[in-house]
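First up is the structure itself, then whatever we jot down about it.
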Amino acid sequence: MQGKQPLIFKGRWARLSVLTFLGSGLLGWGVGGAHWPWPIQVIALLLLVSLTSGWVLLRIERDLLHPMRRLSEHARRLHEGDNTHLMMTTYLTERRDEVGELARQFQHLVEDLKAHNAQLLEQSLIDPLTKLGNRRMLENRLDVALPLTRRLDCTVSVLMMDVDHFKPYNDYYGHPAGDECLVQISGVLRDTFRRETDIVVRLGGEEFLVLLIDTPSQEAWRLADAMRGMIQAMGIPHEYSPTANVVTVSVGVVTSPPGVGADIDDMIACADEALYACKAQGRNTTQARMLSSPVEALETHAG
Ligand SMILES: Nc1nc2c(ncn2[C@@H]2O[C@H](COP(=O)(O)OP(=O)(O)OP(=O)(O)O)[C@@H](O)[C@H]2O)c(=O)[nH]1
């Protein structure tokens, strides 16, 4: 509480005290001193009492009860998740008394909570190691992206990427080196898929997913294979990999053509199949498929 601020008691209620004092004087003079007939004296007394108490009630309503109701309404809306009235009305926060102080502190509390919630939300959507999105971010983005692709009747491609022989990498180079390797791979993903509509997430472990909207199947495959090549070209040594002497990845790509109505679970399952096919064929490869014909391999590339 800032000491300099006028308080309700000192400011407004002081006037009430003066009025009461004057009222008492008038009452004393009217009832005792003046020689009015007694009915007039009673009426004067009643009038004075009603006027004073009416004025007091009015001030209590205006200065205390009304602001308290506004504060409580504000708190109720926030509790119910209504964020449209996050800012308290200036009528309350600019008051220079205890109610204003309470409103300002309440507003600070709400702003802190809002910032904290935004931070928590971001943390819940971002993978802390690579700073890419996580599975939850994917789900959130899909809620908007998939209905849009159906409405616009455009292609959707899913890329599933997995680091080859990552267990031996971790075992021999250590977990911190494994983490650093994942961070570098994430950098390539970030550099390759830069469109605003691209969704790039780390699903968990050494598995990543990319979702491309309105990208022709050939283009999706080309991007996926370019990314595979760039990761190999980074030349992160991996002398315990039976595939190459550097870290490599395998990528399964699936494209749902326009009009098919992409189902994300089907697409992930199909991209996973393509990925396992890459692993079976010796890794460090990119395989692409069309969702409508899952067995038909569009392209296969071995690095
Ligand atoms: N450093 C690090 N390692 C991780 C992380 N998450 C998962 N791993 C490791 O990733 C490895 C994955 O191994 P596997 O699933 O056997 O796959 P792989 O050895 O890459 O074999 P293939 O995929 O068949 O080529 C395991 O050793 C996990 O411990 C992580 O966040 N950091």
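A note on labels: chains of the structure tokens are A, B, ... as shown, every chain counts residues from 1, and ligands are counted from 1 in their shown order.
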**OP:** Enumerate residues in contact with ligand 1: an atom-to-atom distance of at most 12 Å, counting only C-alpha atoms and all ligand atoms. Format the result as number ranges by chain.
**Re:** A: 127-130, 160-184, 202-208, 238, 240-244, 247-251, 272, 275-285
**OP:** Could you give me, as a VMD selection string, each residue of stretch 237-291 of chain A that DSSP assigns to helix (DSSP H, G or I) when run on this structure's backbone?
**Re:** chain A and resid 264 to 280
Subject >> From A:Leu46, A:Met234, A:Cys270, A:Val110, residue lying nearest A:Leu71 [only C-alpha atoms] >> reply: A:Val110
Subject >> Pick from A:Thr149, A:Gln107, A:Tyr91, A:Asn140, whichever lies nearest to A:Leu121 using only C-alpha atoms >> reply: A:Asn140
Subject >> Which residue of A:His108, A:Lys131, A:Arg136, A:Arg141 approaches A:Arg190 most closely, using only C-alpha atoms >> reply: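 Selected residue with least distance to A:Arg190: A:Lys131.
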**OP:** Enumerate the residues of stretch 122-170 of chain A with a DSSP assignment of strand (DSSP E or B), computed from the backbone, and present them as a PyMOL selection string.
**Re:** chain A and resi 126+133+156-163
Original post:
Using only C-alpha atoms, which of the listed residues (A:Ala226, A:Asp265, A:Leu58, A:Glu196) sits closest to A:Leu212?
Top reply: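 Of all the options, A:Glu196 lies closest to A:Leu212.
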Original post:
Which is closer to A:Ile185 than all the others in A:Pro67, A:Gly235, A:Gly261, A:Gly23, using only C-alpha atoms?
Top reply: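 Closest to A:Ile185, using only C-alpha atoms: A:Gly235.
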Original post:
Contacts of A:Leu159 at 9 Å or less, counting only C-alpha atoms, minus same-chain residues fewer than 6 places along, as a ChimeraX atom specification?
Top reply: /A:208-212,220-221,224,251-255,268,271-272,275,288
Hey, can you spit out that residue selection with C-alpha atoms as an mmCIF file, in the first residue's frame?
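Written output follows (selection-v5.cif):
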```
data_model
loop_
_atom_site.group_PDB
_atom_site.id
_atom_site.type_symbol
_atom_site.label_atom_id
_atom_site.label_comp_id
_atom_site.auth_asym_id
_atom_site.auth_seq_id
_atom_site.Cartn_x
_atom_site.Cartn_y
_atom_site.Cartn_z
ATOM 1 C CA PHE A 208 10.745 -36.885 -36.183
ATOM 2 C CA LEU A 209 7.632 -36.090 -38.217
ATOM 3 C CA VAL A 210 7.076 -33.432 -40.855
ATOM 4 C CA LEU A 211 3.681 -32.566 -42.291
ATOM 5 C CA LEU A 212 3.567 -30.693 -45.582
ATOM 6 C CA ALA A 220 7.680 -33.967 -50.818
ATOM 7 C CA TRP A 221 9.957 -36.845 -51.754
ATOM 8 C CA ALA A 224 12.754 -35.472 -47.764
ATOM 9 C CA VAL A 251 12.741 -41.346 -44.194
ATOM 10 C CA GLY A 252 9.311 -42.702 -45.060
ATOM 11 C CA VAL A 253 7.070 -40.317 -47.016
ATOM 12 C CA VAL A 254 3.380 -40.679 -47.702
ATOM 13 C CA THR A 255 1.197 -38.328 -49.709
ATOM 14 C CA ILE A 268 1.360 -42.063 -40.095
ATOM 15 C CA ALA A 271 4.732 -43.449 -43.561
ATOM 16 C CA ASP A 272 5.874 -45.836 -40.817
ATOM 17 C CA LEU A 275 10.237 -46.085 -42.976
ATOM 18 C CA ALA A 288 7.650 -42.399 -50.768
#
```
Subject >> For A:Asp63, the nearest of the candidates A:Leu92, A:Ala115, A:Ile43, A:Met230, counting only C-alpha atoms >> reply: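 Using only C-alpha atoms, A:Asp63 sits closest to A:Leu92.
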Quick one: everything within 8 Å of A:Leu189, counting only C-alpha atoms, minus sequence neighbours fewer than 3 positions away in the same chain. Send it as a short mmCIF file (atom, residue, chain, number, x, y, z; two decimals) with C-alpha atoms, in the first residue's frame.
```
data_model
loop_
_atom_site.label_atom_id
_atom_site.label_comp_id
_atom_site.auth_asym_id
_atom_site.auth_seq_id
_atom_site.Cartn_x
_atom_site.Cartn_y
_atom_site.Cartn_z
CA ILE A 185 19.58 -32.98 -37.05
CA SER A 186 16.75 -30.72 -35.87
CA THR A 192 14.67 -27.62 -44.94
CA PHE A 193 11.04 -27.09 -44.02
CA VAL A 200 7.96 -30.13 -37.92
CA MET A 227 17.17 -33.48 -46.02
#
```
